[in-house]
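> File name my_file_38.txt; file contents compact mmCIF, C-alpha atoms; full text below.
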# COMPACT_ATOMS: atom_id res chain seq x y z
CA ILE C 1 14.58 -13.75 9.22
CA LEU C 2 12.88 -11.80 12.01
CA PHE C 3 14.85 -8.68 11.07
CA LEU C 4 13.70 -8.96 7.45
CA LYS C 5 10.06 -9.37 8.52
CA PHE C 6 10.19 -6.21 10.62
CA GLN C 7 11.89 -4.42 7.74
CA ASN C 8 9.16 -5.52 5.30
CA VAL C 9 6.32 -4.53 7.61
CA LEU C 10 7.87 -1.18 8.49
CA ALA C 11 8.39 -0.36 4.82
CA TYR C 12 4.80 -1.38 4.06
CA LEU C 13 3.34 0.83 6.81
CA LEU C 14 5.57 3.82 6.08
CA SER C 15 4.71 3.75 2.37
CA ASP C 16 1.07 4.43 3.22
CA SER C 17 1.83 7.02 5.89
CA MET C 18 4.08 8.93 3.51
CA ALA C 19 1.48 8.69 0.74
CA GLU C 20 -1.11 10.26 3.06
CA ILE C 21 1.29 13.09 3.89
CA ILE C 22 1.93 13.70 0.19
CA ILE C 23 -1.79 13.70 -0.57
CA LEU C 24 -2.65 16.21 2.15
CA GLY C 25 0.41 18.36 1.46
CA ALA C 26 -0.28 18.49 -2.29
CA ALA C 27 -3.94 19.37 -1.70
CA LEU C 28 -3.01 22.22 0.63
CA PHE C 29 -0.35 23.48 -1.79
CA LEU C 30 -2.77 23.41 -4.76
CA GLY C 31 -5.64 24.92 -2.80
CA TRP C 32 -7.84 21.82 -3.14
CA PRO C 33 -10.26 20.53 -0.54
CA LEU C 34 -8.73 17.76 1.56
CA PRO C 35 -9.05 14.45 -0.35
CA LEU C 36 -9.13 12.42 2.87
CA THR C 37 -10.79 13.18 6.20
CA ALA C 38 -9.17 12.37 9.53
CA LEU C 39 -11.44 9.36 10.07
CA MET C 40 -10.70 8.02 6.59
CA ILE C 41 -6.97 8.19 7.33
CA LEU C 42 -7.53 6.47 10.66
CA TRP C 43 -9.50 3.69 8.93
CA ILE C 44 -6.76 3.17 6.34
CA ASN C 45 -4.06 3.03 9.01
CA LEU C 46 -5.92 0.68 11.36
CA ILE C 47 -7.85 -1.56 8.96
CA SER C 48 -6.48 -1.46 5.42
CA ASP C 49 -2.88 -1.34 6.70
CA GLY C 50 -3.17 -2.95 10.11
CA LEU C 51 -4.60 -6.33 9.17
CA PRO C 52 -2.12 -7.07 6.35
CA ALA C 53 0.75 -5.77 8.49
CA VAL C 54 -0.03 -8.33 11.20
CA ALA C 55 -0.38 -11.06 8.57
CA LEU C 56 2.96 -10.12 6.97
CA THR C 57 4.62 -10.37 10.37
CA LEU C 58 3.26 -13.90 10.85
CA ASP C 59 3.78 -15.04 7.26
CA ASP C 60 6.11 -18.06 7.11
CA GLY C 61 7.28 -17.17 3.63
CA SER C 62 8.01 -19.29 0.62
CA LYS C 63 10.20 -22.38 0.58
CA ASN C 64 12.22 -20.61 -2.10
CA ASP C 65 13.11 -17.73 0.22
CA VAL C 66 16.78 -17.09 0.92
CA VAL C 67 18.35 -15.56 3.98
CA VAL C 68 19.71 -12.14 3.10
CA LYS C 69 22.52 -10.78 5.22
CA SER C 70 22.40 -7.11 6.02
CA GLN C 71 25.61 -5.14 6.13
CA THR C 72 24.17 -2.16 8.00
CA LYS C 73 21.52 -3.82 10.19
CA LYS C 74 19.42 -0.72 9.64
CA LEU C 75 15.69 -1.13 9.32
CA LEU C 76 15.65 1.80 6.91
CA ASP C 77 18.73 1.63 4.70
CA GLU C 78 18.93 3.51 1.41
CA ARG C 79 17.37 0.68 -0.59
CA VAL C 80 14.35 0.31 1.67
CA VAL C 81 13.89 4.08 1.71
CA SER C 82 13.97 4.17 -2.10
CA LEU C 83 11.20 1.56 -2.18
CA ILE C 84 9.10 3.46 0.37
CA VAL C 85 9.45 6.74 -1.50
CA SER C 86 8.67 5.21 -4.91
CA VAL C 87 5.57 3.39 -3.68
CA SER C 88 4.36 6.41 -1.67
CA VAL C 89 4.57 8.71 -4.66
CA VAL C 90 2.63 6.33 -6.93
CA LYS C 91 -0.06 5.72 -4.29
CA ALA C 92 -0.43 9.44 -3.68
CA LEU C 93 -0.54 10.32 -7.39
CA ALA C 94 -3.21 7.69 -8.06
CA ALA C 95 -5.39 8.97 -5.21
CA LEU C 96 -4.90 12.63 -6.18
CA ILE C 97 -5.72 11.98 -9.84
CA ILE C 98 -8.85 10.02 -8.95
CA PHE C 99 -9.92 12.70 -6.46
CA LYS C 100 -9.43 15.50 -8.98
CA LEU C 101 -11.23 13.62 -11.76
CA PHE C 102 -14.37 13.12 -9.68
CA PHE C 103 -14.22 16.60 -8.23
CA ILE C 104 -14.02 18.12 -11.73
CA TRP C 105 -16.60 15.82 -13.34
CA GLY C 106 -19.32 16.16 -10.76
CA GLY C 107 -18.21 18.82 -8.34
CA ASN C 108 -19.22 16.31 -5.68
CA LEU C 109 -16.74 16.56 -2.82
CA PRO C 110 -18.07 13.57 -0.81
CA MET C 111 -17.84 11.33 -3.89
CA ALA C 112 -14.36 12.62 -4.70
CA GLN C 113 -13.21 11.99 -1.12
CA THR C 114 -14.77 8.54 -1.19
CA ALA C 115 -12.94 7.82 -4.44
CA ALA C 116 -9.60 8.84 -2.90
CA PHE C 117 -10.39 6.74 0.18
CA VAL C 118 -11.21 3.68 -1.93
CA SER C 119 -8.08 4.25 -4.03
CA MET C 120 -5.84 4.28 -0.95
CA GLY C 121 -7.61 1.30 0.59
CA VAL C 122 -7.38 -0.84 -2.54
CA ALA C 123 -3.75 0.13 -3.15
CA SER C 124 -2.82 -0.75 0.43
CA LEU C 125 -4.48 -4.16 0.25
CA MET C 126 -3.06 -5.02 -3.16
CA SER C 127 0.44 -3.92 -2.23
CA ALA C 128 0.41 -6.23 0.82
CA ILE C 129 0.35 -9.21 -1.54
CA VAL C 130 3.69 -8.31 -3.11
CA PHE C 131 5.37 -6.18 -0.45
CA GLY C 132 6.84 -9.00 1.62
CA ARG C 133 10.15 -10.78 1.20
CA LEU C 134 12.38 -7.88 0.37
CA PRO C 135 14.27 -7.58 -1.83
CA LYS C 136 13.17 -10.46 -4.06
CA PRO C 137 10.41 -9.80 -6.64
CA THR C 138 7.27 -11.87 -6.13
CA VAL C 139 7.96 -13.66 -9.41
CA SER C 140 10.99 -15.35 -7.86
CA SER C 141 9.99 -15.47 -4.17
CA GLY C 142 6.44 -16.72 -4.59
CA LEU C 143 3.11 -15.43 -3.33
CA PRO C 144 2.46 -14.96 0.39
CA GLY C 145 0.74 -17.47 2.64
CA ARG C 146 -2.95 -17.85 3.43
CA GLY C 147 -2.79 -15.41 6.33
CA VAL C 148 -1.91 -12.49 4.06
CA TRP C 149 -4.61 -13.44 1.56
CA MET C 150 -7.20 -13.69 4.34
CA SER C 151 -6.20 -10.29 5.73
CA VAL C 152 -6.55 -8.76 2.27
CA MET C 153 -10.01 -10.31 1.78
CA ILE C 154 -11.18 -9.18 5.22
CA GLY C 155 -9.77 -5.71 4.55
CA LEU C 156 -11.67 -5.55 1.26
CA ILE C 157 -14.92 -6.63 2.89
CA LEU C 158 -14.49 -3.99 5.59
CA LEU C 159 -13.72 -1.40 2.91
CA LEU C 160 -17.03 -2.26 1.27
CA VAL C 161 -18.71 -1.87 4.65
CA ALA C 162 -17.07 1.54 5.08
CA VAL C 163 -18.50 2.69 1.76
CA TYR C 164 -21.91 1.01 1.57
CA GLN C 165 -23.08 0.35 5.14
CA PRO C 166 -25.13 3.46 6.04
CA MET C 167 -24.13 3.76 9.70
CA VAL C 168 -20.40 3.28 9.07
CA ALA C 169 -20.51 5.46 5.95
CA GLY C 170 -22.19 8.18 7.98
CA ILE C 171 -19.37 8.14 10.51
CA LEU C 172 -16.67 8.21 7.82
CA ASP C 173 -18.54 10.69 5.57
CA THR C 174 -18.34 8.32 2.61
CA VAL C 175 -21.00 7.85 -0.07
CA PRO C 176 -21.82 4.76 -2.17
CA ALA C 177 -18.99 4.46 -4.69
CA THR C 178 -19.84 4.01 -8.35
CA LEU C 179 -18.35 1.28 -10.54
CA SER C 180 -16.05 3.88 -12.09
CA VAL C 181 -14.51 4.52 -8.67
CA TRP C 182 -13.63 0.84 -8.23
CA LYS C 183 -12.26 0.54 -11.76
CA LEU C 184 -9.97 3.52 -11.27
CA ALA C 185 -8.96 2.31 -7.81
CA LEU C 186 -8.08 -1.09 -9.26
CA GLY C 187 -6.00 0.59 -11.95
CA GLY C 188 -4.19 2.63 -9.31
CA GLY C 189 -3.61 -0.51 -7.25
CA LEU C 190 -2.11 -2.30 -10.24
CA ALA C 191 0.20 0.66 -10.84
CA VAL C 192 1.37 0.40 -7.23
CA VAL C 193 1.95 -3.36 -7.53
CA LEU C 194 3.97 -2.90 -10.72
CA THR C 195 6.00 -0.16 -9.07
CA ILE C 196 6.82 -2.40 -6.10
CA GLU C 197 7.88 -5.27 -8.35
CA LEU C 198 9.97 -3.01 -10.59
CA VAL C 199 11.79 -1.37 -7.68
CA LYS C 200 12.34 -4.73 -5.96
CA TYR C 201 13.77 -6.15 -9.17
CA VAL C 202 16.17 -3.24 -9.60
CA LEU C 203 17.23 -3.43 -5.95
CA SER C 204 17.66 -7.21 -6.06
CA ILE C 205 20.27 -6.91 -8.83
CA ASN C 206 22.71 -5.40 -6.36
CA TRP C 207 21.19 -6.81 -3.16
CA ILE C 208 21.30 -10.53 -3.80
CA GLY C 209 24.11 -12.28 -5.63
CA LYS C 210 23.86 -15.59 -7.41
CA SER C 211 24.65 -17.46 -4.21
CA GLY C 212 21.79 -15.84 -2.31
CA ARG C 213 24.06 -13.51 -0.34
CA GLU C 214 24.06 -9.74 -0.30
CA VAL C 215 26.64 -8.15 -2.54
Could you render the structure from this file as structure tokens?

Amino acid sequence: ILFLKFQNVLAYLLSDSMAEIIILGAALFLGWPLPLTALMILWINLISDGLPAVALTLDDGSKNDVVVKSQTKKLLDERVVSLIVSVSVVKALAALIIFKLFFIWGGNLPMAQTAAFVSMGVASLMSAIVFGRLPKPTVSSGLPGRGVWMSVMIGLILLLVAVYQPMVAGILDTVPATLSVWKLALGGGLAVVLTIELVKYVLSINWIGKSGREV
């Protein structure tokens, strides 16, 4: 059980780190301004990722959970890596599309960067709800415990503070996000959640047999 928890949390954290690398790498390759500043990335890693990661570690799980035996005992086997890569790409694409849309529409770099920041923050928080309990889809394993939900709510409140509280926004170089930013960020977050569930479902076909053991 402890091994699986570490595996879940590591996959969750790496999916965001890889998404940030993709975002910055794609922006440099395309000659765009950087969608995320260094402080925005630090906030995402410490707050939007950090709180849910701790909660996922402490989550007791569902009564319907099964113990999955690992053949390799590797934290990052090919199935976990495939999940990390899939989720990272979707997170990065959502943030890049939102950034480009706002940069084209208004030519407002601070608003575009804020939109990318909100997109990554919302996607990270939403994905925490369904990321645990690999490899079972949330439909069959159940939703996480109260600790995860509380961490997501606190993370969302702090994200609002990062965008709308003048002193914090001044430090992070964010600007007050419009309703359109939150709508697009929510859409991106839903795309990430669906990606996680789809990949977990595909992986679970070969990962867990009918008896609850790995095949």
> Taking only C-alpha atoms into account, which of C:Ala112, C:Val130, C:Val90, C:Val168 comes nearest Val9 of chain C?
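Answer, going by the shortest atom-to-atom distance: C:Val130.
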> For atom CA of Met153 of chain C and atom CA of Leu34 of chain C, quote the distance in Å rounded to one decimal.
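So the two atoms, atom CA of Met153 of chain C and atom CA of Leu34 of chain C, lie 28.1 Å apart.
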> From the list C:Thr195, C:Ser151, C:Ser124, C:Thr178, which residue is nearest Trp43 of chain C when using all atoms listed in the file?
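The closest residue to Trp43 of chain C is C:Ser124.
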> Could you state the separation of atom CA of Ser48 of chain C and atom CA of Leu125 of chain C in Å, given to one decimal place?
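Interatomic distance here is 6.2 Å.
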> If you measure from atom CA of Val87 of chain C to atom CA of Gln113 of chain C, what distance in Å do you get, rounded to one decimal?
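One can read the atom CA of Val87 of chain C to atom CA of Gln113 of chain C distance as 20.8 Å.
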> Identify which of the residues C:Thr57, C:Thr174, C:Ser119, C:Ser82 lies closest to Leu2 of chain C, counting only C-alpha atoms when measuring atom-to-atom distances.
C:Thr57
